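Shown below: entry14.csv, with CSV, C-alpha atoms and all ligand atoms.
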chain,number,residue,atom,x,y,z
A,1,MET,CA,-22.5,-13.7,-14.0
A,2,ILE,CA,-22.3,-10.6,-16.2
A,3,ILE,CA,-20.5,-7.6,-14.8
A,4,LEU,CA,-20.2,-4.1,-16.3
A,5,ALA,CA,-16.8,-2.8,-15.1
A,6,ILE,CA,-15.5,0.8,-15.0
A,7,GLU,CA,-11.9,2.0,-14.6
A,8,THR,CA,-11.0,5.7,-14.3
A,9,SER,CA,-8.1,5.8,-11.8
A,10,CYS,CA,-5.6,7.7,-13.9
A,11,ASP,CA,-5.6,8.7,-17.6
A,12,GLU,CA,-7.4,5.8,-19.2
A,13,SER,CA,-11.2,5.8,-19.3
A,14,ALA,CA,-12.3,2.2,-19.6
A,15,VAL,CA,-15.5,0.2,-19.6
A,16,ALA,CA,-15.9,-3.6,-20.1
A,17,VAL,CA,-18.5,-6.3,-19.9
A,18,THR,CA,-17.2,-9.5,-18.5
A,19,LYS,CA,-18.7,-13.0,-18.0
A,20,ASP,CA,-17.9,-15.1,-14.9
A,21,GLY,CA,-14.7,-13.1,-14.3
A,22,ARG,CA,-12.5,-14.6,-17.0
A,23,THR,CA,-14.3,-13.8,-20.3
A,24,ILE,CA,-14.3,-10.4,-21.9
A,25,LEU,CA,-17.6,-9.9,-23.9
A,26,ALA,CA,-16.8,-6.3,-24.9
A,27,GLU,CA,-14.4,-3.5,-23.9
A,28,GLU,CA,-13.4,0.0,-24.7
A,29,ILE,CA,-10.3,1.9,-23.5
A,30,TYR,CA,-10.0,5.6,-24.2
A,31,SER,CA,-6.5,6.8,-23.5
A,32,GLN,CA,-6.0,10.5,-22.7
A,33,ALA,CA,-2.2,10.2,-23.1
A,34,ASP,CA,-2.1,12.8,-25.9
A,35,LYS,CA,-4.0,15.3,-23.7
A,36,HIS,CA,-1.3,15.0,-21.0
A,37,ALA,CA,1.8,14.7,-23.3
A,38,LEU,CA,2.2,18.5,-23.5
A,39,TYR,CA,2.8,18.6,-19.8
A,40,GLY,CA,5.1,15.5,-19.6
A,41,GLY,CA,2.8,13.7,-17.2
A,42,VAL,CA,-0.8,13.4,-16.1
A,43,VAL,CA,-2.6,16.6,-15.0
A,44,PRO,CA,-5.3,15.4,-12.5
A,45,GLU,CA,-8.0,18.0,-13.4
A,46,ILE,CA,-7.6,17.3,-17.1
A,47,ALA,CA,-7.9,13.6,-16.4
A,48,SER,CA,-11.1,14.0,-14.4
A,49,ARG,CA,-12.7,16.3,-16.9
A,50,ASN,CA,-11.9,13.9,-19.8
A,51,HIS,CA,-13.3,10.9,-17.9
A,52,ALA,CA,-16.5,12.9,-17.3
A,53,ALA,CA,-16.8,13.7,-21.0
A,54,VAL,CA,-16.4,10.2,-22.3
A,55,ILE,CA,-17.5,7.7,-19.7
A,56,GLY,CA,-21.2,7.7,-20.7
A,57,ASN,CA,-20.5,7.2,-24.4
A,58,LEU,CA,-18.0,4.4,-23.7
A,59,ALA,CA,-20.6,2.5,-21.6
A,60,ASP,CA,-23.1,2.9,-24.4
A,61,LEU,CA,-20.6,1.7,-27.0
A,62,VAL,CA,-19.5,-1.3,-24.9
A,63,MET,CA,-23.2,-2.4,-24.3
A,64,LYS,CA,-23.8,-2.2,-28.1
A,65,LYS,CA,-20.6,-4.2,-28.8
A,66,SER,CA,-21.6,-6.9,-26.3
A,67,GLY,CA,-25.0,-7.4,-27.9
A,68,LEU,CA,-26.6,-7.6,-24.4
A,69,SER,CA,-29.3,-5.5,-23.0
A,70,LYS,CA,-29.2,-3.6,-19.7
A,71,SER,CA,-31.4,-6.2,-18.0
A,72,ASP,CA,-28.6,-8.8,-18.6
A,73,ILE,CA,-26.2,-6.9,-16.3
A,74,ASP,CA,-25.9,-8.6,-12.9
A,75,ALA,CA,-23.6,-6.2,-11.2
A,76,ILE,CA,-21.5,-3.1,-11.6
A,77,ALA,CA,-17.8,-3.2,-10.6
A,78,VAL,CA,-15.7,0.0,-10.3
A,79,THR,CA,-12.2,1.0,-9.3
A,80,TYR,CA,-12.5,3.0,-6.1
A,81,THR,CA,-8.8,3.1,-5.0
A,82,PRO,CA,-5.9,3.8,-5.4
A,83,GLY,CA,-5.5,6.6,-8.0
A,84,LEU,CA,-6.1,10.3,-8.7
A,85,ILE,CA,-9.0,11.2,-6.4
A,86,GLY,CA,-10.9,13.4,-9.0
A,87,ALA,CA,-10.5,10.8,-11.7
A,88,LEU,CA,-11.7,7.9,-9.4
A,89,LEU,CA,-14.7,10.0,-8.3
A,90,VAL,CA,-16.0,10.2,-11.9
A,91,GLY,CA,-16.0,6.4,-12.3
A,92,VAL,CA,-17.4,5.8,-8.8
A,93,ASN,CA,-20.3,8.2,-9.3
A,94,PHE,CA,-21.0,6.9,-12.8
A,95,ALA,CA,-21.0,3.3,-11.4
A,96,LYS,CA,-23.4,4.3,-8.5
A,97,GLY,CA,-25.8,5.8,-11.0
A,98,LEU,CA,-25.8,2.7,-13.1
A,99,ALA,CA,-26.2,0.4,-10.1
A,100,LEU,CA,-29.1,2.4,-8.8
A,101,ALA,CA,-30.8,2.7,-12.2
A,102,LEU,CA,-30.4,-1.0,-13.0
A,103,GLY,CA,-31.1,-2.2,-9.4
A,104,VAL,CA,-28.0,-4.4,-9.3
A,105,PRO,CA,-25.1,-4.7,-6.7
A,106,LEU,CA,-22.2,-2.3,-6.8
A,107,ILE,CA,-18.8,-4.0,-6.3
A,108,PRO,CA,-15.8,-1.9,-5.2
A,109,VAL,CA,-12.5,-3.0,-6.7
A,110,HIS,CA,-8.9,-2.1,-5.7
A,111,HIS,CA,-7.0,-1.1,-8.8
A,112,ILE,CA,-3.9,-3.2,-7.9
A,113,ARG,CA,-6.0,-6.3,-7.2
A,114,GLY,CA,-7.4,-5.6,-10.7
A,115,HIS,CA,-3.9,-5.6,-12.2
A,116,VAL,CA,-3.2,-9.0,-10.6
A,117,ALA,CA,-6.5,-10.3,-12.0
A,118,ALA,CA,-5.5,-9.5,-15.6
A,119,ASN,CA,-3.5,-12.7,-15.3
A,120,TYR,CA,-6.7,-14.7,-14.7
A,121,ILE,CA,-8.0,-13.5,-18.1
A,122,ALA,CA,-4.6,-14.2,-19.7
A,123,GLU,CA,-4.4,-17.7,-18.3
A,124,PRO,CA,-7.9,-19.2,-17.7
A,125,GLU,CA,-6.4,-22.1,-15.7
A,126,LEU,CA,-4.5,-19.9,-13.3
A,127,GLU,CA,-5.5,-20.1,-9.6
A,128,PRO,CA,-3.8,-18.7,-6.5
A,129,PRO,CA,-1.4,-19.2,-4.9
A,130,PHE,CA,1.3,-17.5,-7.0
A,131,LEU,CA,3.8,-14.7,-6.8
A,132,CYS,CA,3.1,-11.5,-8.7
A,133,LEU,CA,5.0,-8.4,-9.7
A,134,ILE,CA,2.9,-5.3,-10.2
A,135,ALA,CA,4.8,-2.5,-11.8
A,136,SER,CA,3.1,0.5,-13.2
A,137,GLY,CA,3.4,4.3,-13.3
A,138,GLY,CA,2.3,4.7,-9.7
A,139,SER,CA,3.2,1.4,-8.0
A,140,SER,CA,5.9,-1.2,-7.8
A,141,LEU,CA,4.9,-4.2,-5.6
A,142,ILE,CA,5.7,-7.8,-5.1
A,143,ALA,CA,2.7,-9.8,-3.9
A,144,ASP,CA,2.1,-13.2,-2.6
A,145,VAL,CA,-1.3,-13.9,-4.0
A,146,ARG,CA,-2.7,-16.5,-1.5
A,147,GLY,CA,-6.3,-16.3,-2.7
A,148,TYR,CA,-8.4,-14.2,-5.1
A,149,THR,CA,-9.0,-11.7,-2.4
A,150,ASP,CA,-6.1,-12.6,-0.1
A,151,ILE,CA,-3.1,-10.7,-1.4
A,152,CYS,CA,-0.1,-10.2,0.8
A,153,ILE,CA,2.4,-7.5,-0.2
A,154,ILE,CA,5.9,-8.8,0.6
A,155,GLY,CA,7.9,-6.1,-1.2
A,156,ARG,CA,7.3,-2.5,-2.3
A,157,THR,CA,9.2,0.4,-3.7
A,158,ARG,CA,10.5,2.7,-1.0
A,159,ASP,CA,10.2,5.8,-3.2
A,160,ASP,CA,9.3,6.1,-6.9
A,161,ALA,CA,7.6,3.4,-9.1
A,162,ALA,CA,9.4,1.7,-11.9
A,163,GLY,CA,7.2,3.4,-14.5
A,164,GLU,CA,8.2,6.8,-13.1
A,165,CYS,CA,11.8,6.0,-14.1
A,166,PHE,CA,10.7,5.4,-17.7
A,167,ASP,CA,8.4,8.5,-17.8
A,168,LYS,CA,10.9,10.9,-16.3
A,169,THR,CA,13.8,9.6,-18.5
A,170,ALA,CA,11.6,10.0,-21.5
A,171,ARG,CA,10.7,13.5,-20.5
A,172,ALA,CA,14.4,14.4,-20.1
A,173,LEU,CA,15.1,12.9,-23.5
A,174,GLY,CA,12.2,14.8,-25.1
A,175,LEU,CA,10.4,11.6,-26.0
A,176,GLY,CA,7.0,12.6,-24.6
A,177,TYR,CA,4.5,10.9,-22.3
A,178,PRO,CA,4.1,8.0,-21.5
A,179,GLY,CA,7.8,7.2,-21.8
A,180,GLY,CA,7.8,3.4,-21.4
A,181,PRO,CA,6.8,2.4,-25.0
A,182,ALA,CA,9.2,4.9,-26.6
A,183,LEU,CA,12.1,3.8,-24.4
A,184,ASP,CA,11.3,0.1,-25.0
A,185,LEU,CA,11.6,0.7,-28.8
A,186,LEU,CA,14.8,2.8,-28.5
A,187,ALA,CA,16.4,0.2,-26.2
A,188,GLN,CA,16.2,-2.5,-28.9
A,189,THR,CA,19.2,-1.0,-30.7
A,190,GLY,CA,21.2,0.2,-27.6
A,191,ASP,CA,24.2,-1.2,-25.6
A,192,ASP,CA,22.8,-2.0,-22.2
A,193,SER,CA,26.2,-1.8,-20.6
A,194,LEU,CA,27.3,1.6,-21.8
A,195,PHE,CA,25.9,3.5,-18.8
A,196,ASN,CA,26.7,2.2,-15.3
A,197,LEU,CA,23.5,2.7,-13.4
A,198,PRO,CA,22.6,1.9,-9.7
A,199,ARG,CA,20.8,-1.2,-8.6
A,200,PRO,CA,20.1,-0.4,-5.0
A,201,VAL,CA,19.6,-3.1,-2.3
A,202,ILE,CA,17.8,-2.3,0.9
A,203,ASP,CA,19.3,-3.7,4.0
A,204,GLY,CA,17.0,-6.2,5.8
A,205,ALA,CA,14.3,-5.9,3.2
A,206,PRO,CA,15.2,-8.3,0.4
A,207,TYR,CA,12.0,-7.7,-1.6
A,208,ASP,CA,11.7,-3.9,-1.3
A,209,MET,CA,12.9,-1.8,-4.2
A,210,SER,CA,14.1,1.7,-4.8
A,211,PHE,CA,14.0,3.6,-8.1
A,212,SER,CA,14.5,7.2,-7.3
A,213,GLY,CA,18.3,7.0,-7.3
A,214,LEU,CA,18.1,5.3,-10.7
A,215,LYS,CA,15.8,8.0,-12.0
A,216,THR,CA,18.0,10.8,-10.7
A,217,ALA,CA,21.2,9.1,-12.2
A,218,VAL,CA,19.6,8.9,-15.6
A,219,VAL,CA,18.2,12.4,-15.6
A,220,ASN,CA,21.6,13.7,-14.4
A,221,ILE,CA,23.4,12.0,-17.3
A,222,VAL,CA,21.0,13.7,-19.7
A,223,HIS,CA,21.4,17.1,-18.1
A,224,ASN,CA,25.2,16.9,-17.8
A,225,ALA,CA,25.5,15.9,-21.5
A,226,GLU,CA,23.2,18.9,-22.4
A,227,GLN,CA,25.3,21.3,-20.4
A,228,ARG,CA,28.5,20.1,-22.1
A,229,GLY,CA,26.8,20.2,-25.5
A,230,GLU,CA,27.5,16.5,-26.0
A,231,GLU,CA,25.3,14.2,-28.0
A,232,ILE,CA,23.9,11.4,-25.9
A,233,ASP,CA,23.5,7.8,-27.1
A,234,LYS,CA,19.7,7.7,-26.3
A,235,SER,CA,19.3,4.0,-27.4
A,236,SER,CA,22.1,2.9,-25.0
A,237,LEU,CA,20.7,5.0,-22.2
A,238,ALA,CA,17.3,3.4,-22.7
A,239,ALA,CA,18.9,0.0,-22.8
A,240,SER,CA,21.0,0.6,-19.7
A,241,LEU,CA,17.9,1.9,-17.8
A,242,THR,CA,15.8,-1.0,-18.8
A,243,ALA,CA,18.5,-3.5,-17.8
A,244,ALA,CA,18.8,-1.8,-14.4
A,245,VAL,CA,15.0,-1.9,-13.8
A,246,SER,CA,15.0,-5.6,-14.9
A,247,ASP,CA,17.9,-6.4,-12.6
A,248,ILE,CA,16.0,-4.8,-9.7
A,249,VAL,CA,12.7,-6.6,-10.3
A,250,VAL,CA,13.4,-10.0,-11.8
A,251,PRO,CA,15.7,-11.6,-9.3
A,252,ARG,CA,13.6,-10.4,-6.4
A,253,VAL,CA,10.4,-12.0,-7.8
A,254,ILE,CA,12.2,-15.3,-8.5
A,255,LYS,CA,13.8,-15.3,-5.1
A,256,ALA,CA,10.5,-14.5,-3.4
A,257,ALA,CA,8.7,-17.3,-5.3
A,258,THR,CA,11.3,-19.8,-4.1
A,259,GLU,CA,11.2,-18.6,-0.5
A,260,PHE,CA,7.4,-18.6,-0.4
A,261,GLY,CA,7.2,-22.0,-2.2
A,262,ARG,CA,5.3,-20.7,-5.2
A,263,ASP,CA,5.8,-22.5,-8.5
A,264,LYS,CA,3.9,-19.9,-10.5
A,265,ILE,CA,4.9,-16.3,-11.2
A,266,ALA,CA,2.8,-13.6,-12.9
A,267,ILE,CA,3.5,-10.0,-13.9
A,268,ALA,CA,1.2,-7.1,-14.2
A,269,GLY,CA,1.0,-3.3,-14.8
A,270,GLY,CA,2.2,-1.1,-17.6
A,271,VAL,CA,5.9,-1.9,-17.0
A,272,ALA,CA,5.1,-5.6,-17.5
A,273,ALA,CA,4.6,-4.6,-21.2
A,274,ASN,CA,8.4,-4.0,-21.5
A,275,SER,CA,9.9,-6.4,-24.0
A,276,ARG,CA,13.3,-6.7,-22.2
A,277,ILE,CA,11.7,-7.3,-18.8
A,278,ARG,CA,9.3,-9.9,-20.3
A,279,ALA,CA,12.2,-11.7,-21.9
A,280,ASP,CA,14.3,-11.6,-18.7
A,281,PHE,CA,11.4,-13.1,-16.8
A,282,VAL,CA,11.0,-15.8,-19.4
A,283,LYS,CA,14.7,-16.8,-19.0
A,284,ALA,CA,14.8,-16.6,-15.2
A,285,ALA,CA,11.5,-18.5,-14.8
A,286,GLU,CA,12.8,-21.2,-17.2
A,287,SER,CA,16.1,-21.6,-15.4
A,288,GLN,CA,14.3,-21.9,-12.0
A,289,GLY,CA,11.6,-24.3,-13.2
A,290,LYS,CA,8.8,-21.8,-12.5
A,291,THR,CA,5.6,-21.4,-14.6
A,292,LEU,CA,5.4,-17.8,-15.9
A,293,ILE,CA,2.2,-16.1,-16.8
A,294,ILE,CA,2.6,-12.9,-18.8
A,295,PRO,CA,-0.6,-11.0,-19.8
A,296,PRO,CA,-0.8,-9.7,-23.4
A,297,LEU,CA,0.1,-6.0,-23.8
A,298,SER,CA,-3.6,-5.1,-23.9
A,299,LEU,CA,-4.0,-6.4,-20.3
A,300,CYS,CA,-0.8,-4.9,-18.8
A,301,GLY,CA,-1.9,-1.2,-18.9
A,302,ASP,CA,-5.0,0.1,-17.2
A,303,ASN,CA,-8.2,-1.5,-18.5
A,304,ALA,CA,-11.7,-2.3,-17.2
A,305,ALA,CA,-11.7,-6.0,-18.1
A,306,MET,CA,-9.3,-6.7,-15.2
A,307,ILE,CA,-11.7,-4.8,-12.9
A,308,GLY,CA,-14.6,-6.9,-14.1
A,309,CYS,CA,-12.5,-10.0,-13.4
A,310,GLN,CA,-11.5,-9.0,-9.9
A,311,GLY,CA,-15.0,-7.7,-9.3
A,312,TYR,CA,-16.3,-11.2,-9.9
A,313,TYR,CA,-14.1,-12.6,-7.2
A,314,GLU,CA,-14.8,-9.7,-4.8
A,315,TYR,CA,-18.5,-10.4,-5.3
A,316,ILE,CA,-18.1,-14.1,-4.5
A,317,ALA,CA,-16.2,-13.0,-1.3
A,318,GLY,CA,-19.1,-10.8,-0.4
A,319,ALA,CA,-17.9,-7.3,-1.2
A,320,ARG,CA,-20.8,-4.9,-1.8
A,321,ALA,CA,-20.8,-1.1,-1.7
A,322,GLY,CA,-23.7,1.2,-1.0
A,323,MET,CA,-24.6,4.6,-2.5
A,324,ASP,CA,-22.1,6.1,0.0
A,325,LEU,CA,-19.1,4.5,-1.8
A,326,ASN,CA,-16.3,7.0,-1.8
A,327,ALA,CA,-12.9,7.1,-3.7
A,328,TYR,CA,-9.5,6.9,-1.9
A,329,ALA,CA,-6.2,8.0,-3.2
A,330,THR,CA,-4.4,5.2,-1.4
A,331,THR,CA,-5.5,2.0,0.3
A,332,ASP,CA,-3.4,-1.1,1.2
A,333,VAL,CA,-3.9,-4.0,-1.2
A,334,ASN,CA,-4.3,-6.4,1.7
A,335,VAL,CA,-7.3,-4.5,3.1
A,336,GLY,CA,-10.6,-5.4,1.5
A,337,TYR,CA,-13.4,-2.9,1.1
A,338,SER,CA,-15.2,-1.8,4.2
A,339,ALA,CA,-18.3,0.2,4.3
A,340,ASP,CA,-17.1,1.7,7.6
A,341,ARG,CA,-14.3,3.4,5.9
A,342,ARG,CA,-15.2,7.1,5.6
B,1,LIG,O1,-0.5,0.3,-15.4
B,1,LIG,P1,-0.4,1.5,-16.2
B,1,LIG,O2,-1.0,1.6,-17.5
B,1,LIG,O3,-1.0,2.7,-15.3
B,1,LIG,C1,-0.9,2.9,-14.0
B,1,LIG,O4,-1.7,2.3,-13.2
B,1,LIG,O5,0.1,3.5,-13.6
B,1,LIG,O6,1.2,1.9,-16.2
B,1,LIG,C2,1.7,3.0,-16.9
B,1,LIG,C3,3.2,3.0,-16.8
B,1,LIG,C4,3.8,4.2,-17.4
B,1,LIG,O7,4.8,4.6,-16.5
B,1,LIG,C5,4.4,3.8,-18.7
B,1,LIG,O8,5.6,4.5,-19.1
B,1,LIG,C6,4.8,2.3,-18.4
B,1,LIG,O9,3.7,1.9,-17.6
B,1,LIG,N1,4.9,1.5,-19.6
B,1,LIG,C7,6.1,0.9,-19.9
B,1,LIG,C8,5.9,0.3,-21.1
B,1,LIG,N2,4.6,0.5,-21.5
B,1,LIG,C9,4.0,1.3,-20.5
B,1,LIG,N3,7.3,0.9,-19.3
B,1,LIG,C10,8.3,0.2,-19.9
B,1,LIG,N4,8.2,-0.4,-21.1
B,1,LIG,C11,7.0,-0.4,-21.7
B,1,LIG,N5,6.8,-1.0,-22.9
Write the structure described by the file as structure tokens, please.
Amino acid sequence: MIILAIETSCDESAVAVTKDGRTILAEEIYSQADKHALYGGVVPEIASRNHAAVIGNLADLVMKKSGLSKSDIDAIAVTYTPGLIGALLVGVNFAKGLALALGVPLIPVHHIRGHVAANYIAEPELEPPFLCLIASGGSSLIADVRGYTDICIIGRTRDDAAGECFDKTARALGLGYPGGPALDLLAQTGDDSLFNLPRPVIDGAPYDMSFSGLKTAVVNIVHNAEQRGEEIDKSSLAASLTAAVSDIVVPRVIKAATEFGRDKIAIAGGVAANSRIRADFVKAAESQGKTLIIPPLSLCGDNAAMIGCQGYYEYIAGARAGMDLNAYATTDVNVGYSADRR
């Protein structure tokens, strides 16, 4: 089954053509990061306008790269939630137009389910059940993936997402947006014990997480140093922050896998690209005898291939949208698409 997939939930405009869920035939990702860097974060209207400007050309390019013709497309998959509402609407309406013009089904895909599905592309043998961390700029979730469309969230951040810590720290340090990759590089040469940063535990909720105290602690360290006119050891601050994020997520995921009886662990989302966090997961999984699936960097951040992959499994499960498909800023991962939702 050939699916043309569209992703426009934040600041990446992405189109892919996938085959039977797990094979990428062609893909394009246009990152708008430089357009938002000036503001230190994503500006929703700029994101929507840029999606509108490029999405048609990206689809043309991907079709050319795939070597297929329009009549080969069996369905259109699109991210309809969660994300920036204006940005999502560009993708949803473009997808509707394509589905209508080609006379093929329209498959609504939850962005977070797409992140989980990136692992099916990374590891063709992977099948549920498994435990999965999804850590991105907007979400930090621990999911028990019981089936391709049966995903139970067992832990979530109570406040900010892990990626937000990286982005706001980078902004305070003048490293631009997005902050994760720059901090990852800086951390390589830092001392991760130089700054004593919080690793909060939430009473009675062993898999829930909190990152806002960590973010505030790091930003305060930077501002206090600036006020005193002191030089800050940026590398060690980056290393200390990354160690704290890793100490928050890795043990929770390992513990959850053991408690839920899962022998496979996967990670997903932009923060899963972090080299320290990846290395810590490798060590922890090895020591607990768990199989670890880590997507390549290209599949950690937002992309349309993961939407095509999850779209395939949503299609098999019967998900179809009509021309009244809308976009939603937030939707629970557990809840599948319902045409009644208006
Ligand atoms: O999944 P993603 O591309 O977009 C969302 O759906 O949010 O994640 C973006 C987030 C940003 O906060 C970015 O700073 C972070 O992922 N990120 C990283 C790294 N690469 C991207 N964080 C830590 N280390 C990285 N290497």
For this session: Choose the residue, out of A:Ala37, A:Ala217, A:Leu325, A:Leu194, that has the smallest atom-to-atom separation from ligand LIG 1 (chain B); count all atoms listed in the file.
Result: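 Smallest distance to ligand LIG 1 (chain B) is found for A:Ala37.
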For this session: Residues up to 6 Å from ligand LIG 1 (chain B), counting only C-alpha atoms and all ligand atoms: could you list those as a VMD selection string?
Result: chain A and resid 136 to 138 163 to 164 166 to 167 178 to 181 184 269 to 271 273 to 274 301 to 302
Do you know which residues are at most 10 Å from A:Pro296 counting only C-alpha atoms, after dropping those on the same chain fewer than 4 positions away, and could you put them as an mmCIF file with C-alpha atoms, in the coordinates of the input?
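As written to disk, result.cif reads:
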data_model
loop_
_atom_site.group_PDB
_atom_site.id
_atom_site.type_symbol
_atom_site.label_atom_id
_atom_site.label_comp_id
_atom_site.auth_asym_id
_atom_site.auth_seq_id
_atom_site.Cartn_x
_atom_site.Cartn_y
_atom_site.Cartn_z
ATOM 1 C CA ALA A 118 -5.500 -9.500 -15.600
ATOM 2 C CA ASN A 119 -3.500 -12.700 -15.300
ATOM 3 C CA ILE A 121 -8.000 -13.500 -18.100
ATOM 4 C CA ALA A 122 -4.600 -14.200 -19.700
ATOM 5 C CA ALA A 268 1.200 -7.100 -14.200
ATOM 6 C CA ALA A 272 5.100 -5.600 -17.500
ATOM 7 C CA ALA A 273 4.600 -4.600 -21.200
ATOM 8 C CA CYS A 300 -0.800 -4.900 -18.800
ATOM 9 C CA GLY A 301 -1.900 -1.200 -18.900
#
For this session: Rank nothing, just name the residue among A:Arg228, A:Asp72, A:Ser13, A:Gly41 nearest to A:Gly91, using only C-alpha atoms.
Result: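 For A:Gly91, the nearest of the candidates is A:Ser13.
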Exercise. Which is closer to A:Asp160 than all the others in A:Ala117, A:Met209, A:Leu133, A:Leu102, using all atoms listed in the file?
Worked result: A:Met209
Seminar exercise, completed: Between atom CA of A:Gly308 and atom CA of A:Leu68 lies a distance of 15.8 Å
Problem set entry | Counting only C-alpha atoms, the residue of A:Thr157, A:Asn224, A:Asn326, A:Ser240 that sits nearest A:Gln188 |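 Of the candidates, the smallest distance to A:Gln188 is held by A:Ser240.
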Kindly add N, CA and C atoms to the incomplete stretch 129-146 of chain A and provide the output as a PDB file, in the frame of the given file.
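After the write, rebuild37.pdb holds the following:
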ATOM      1  N   PRO A 129      -2.345 -20.232  -5.196  1.00  0.00           N
ATOM      2  CA  PRO A 129      -1.400 -19.200  -4.900  1.00  0.00           C
ATOM      3  C   PRO A 129      -0.359 -19.004  -6.027  1.00  0.00           C
ATOM      4  N   PHE A 130       0.149 -17.780  -6.147  1.00  0.00           N
ATOM      5  CA  PHE A 130       1.300 -17.500  -7.000  1.00  0.00           C
ATOM      6  C   PHE A 130       1.912 -16.176  -6.596  1.00  0.00           C
ATOM      7  N   LEU A 131       3.109 -15.949  -7.125  1.00  0.00           N
ATOM      8  CA  LEU A 131       3.800 -14.700  -6.800  1.00  0.00           C
ATOM      9  C   LEU A 131       3.578 -13.737  -7.945  1.00  0.00           C
ATOM     10  N   CYS A 132       3.416 -12.464  -7.657  1.00  0.00           N
ATOM     11  CA  CYS A 132       3.100 -11.500  -8.700  1.00  0.00           C
ATOM     12  C   CYS A 132       3.848 -10.195  -8.552  1.00  0.00           C
ATOM     13  N   LEU A 133       4.461  -9.735  -9.637  1.00  0.00           N
ATOM     14  CA  LEU A 133       5.000  -8.400  -9.700  1.00  0.00           C
ATOM     15  C   LEU A 133       3.991  -7.456 -10.261  1.00  0.00           C
ATOM     16  N   ILE A 134       3.752  -6.338  -9.583  1.00  0.00           N
ATOM     17  CA  ILE A 134       2.900  -5.300 -10.200  1.00  0.00           C
ATOM     18  C   ILE A 134       3.719  -4.063 -10.310  1.00  0.00           C
ATOM     19  N   ALA A 135       3.970  -3.667 -11.552  1.00  0.00           N
ATOM     20  CA  ALA A 135       4.800  -2.500 -11.800  1.00  0.00           C
ATOM     21  C   ALA A 135       4.156  -1.580 -12.788  1.00  0.00           C
ATOM     22  N   SER A 136       3.791  -0.411 -12.286  1.00  0.00           N
ATOM     23  CA  SER A 136       3.100   0.500 -13.200  1.00  0.00           C
ATOM     24  C   SER A 136       3.639   1.932 -12.969  1.00  0.00           C
ATOM     25  N   GLY A 137       2.886   2.931 -13.414  1.00  0.00           N
ATOM     26  CA  GLY A 137       3.400   4.300 -13.300  1.00  0.00           C
ATOM     27  C   GLY A 137       3.327   4.799 -11.855  1.00  0.00           C
ATOM     28  N   GLY A 138       2.465   4.210 -11.035  1.00  0.00           N
ATOM     29  CA  GLY A 138       2.300   4.700  -9.700  1.00  0.00           C
ATOM     30  C   GLY A 138       2.715   3.663  -8.601  1.00  0.00           C
ATOM     31  N   SER A 139       2.882   2.404  -8.981  1.00  0.00           N
ATOM     32  CA  SER A 139       3.200   1.400  -8.000  1.00  0.00           C
ATOM     33  C   SER A 139       4.233   0.402  -8.445  1.00  0.00           C
ATOM     34  N   SER A 140       4.990  -0.111  -7.484  1.00  0.00           N
ATOM     35  CA  SER A 140       5.900  -1.200  -7.800  1.00  0.00           C
ATOM     36  C   SER A 140       5.812  -2.133  -6.529  1.00  0.00           C
ATOM     37  N   LEU A 141       5.188  -3.278  -6.701  1.00  0.00           N
ATOM     38  CA  LEU A 141       4.900  -4.200  -5.600  1.00  0.00           C
ATOM     39  C   LEU A 141       5.203  -5.601  -5.947  1.00  0.00           C
ATOM     40  N   ILE A 142       5.612  -6.378  -4.933  1.00  0.00           N
ATOM     41  CA  ILE A 142       5.700  -7.800  -5.100  1.00  0.00           C
ATOM     42  C   ILE A 142       4.698  -8.435  -4.169  1.00  0.00           C
ATOM     43  N   ALA A 143       3.796  -9.228  -4.728  1.00  0.00           N
ATOM     44  CA  ALA A 143       2.700  -9.800  -3.900  1.00  0.00           C
ATOM     45  C   ALA A 143       2.705 -11.269  -3.900  1.00  0.00           C
ATOM     46  N   ASP A 144       2.415 -11.798  -2.717  1.00  0.00           N
ATOM     47  CA  ASP A 144       2.100 -13.200  -2.600  1.00  0.00           C
ATOM     48  C   ASP A 144       0.623 -13.352  -2.669  1.00  0.00           C
ATOM     49  N   VAL A 145       0.154 -13.853  -3.829  1.00  0.00           N
ATOM     50  CA  VAL A 145      -1.300 -13.900  -4.000  1.00  0.00           C
ATOM     51  C   VAL A 145      -1.751 -15.292  -3.462  1.00  0.00           C
ATOM     52  N   ARG A 146      -2.339 -15.245  -2.264  1.00  0.00           N
ATOM     53  CA  ARG A 146      -2.700 -16.500  -1.500  1.00  0.00           C
ATOM     54  C   ARG A 146      -4.106 -16.945  -1.871  1.00  0.00           C
TER      55      ARG A 146
END
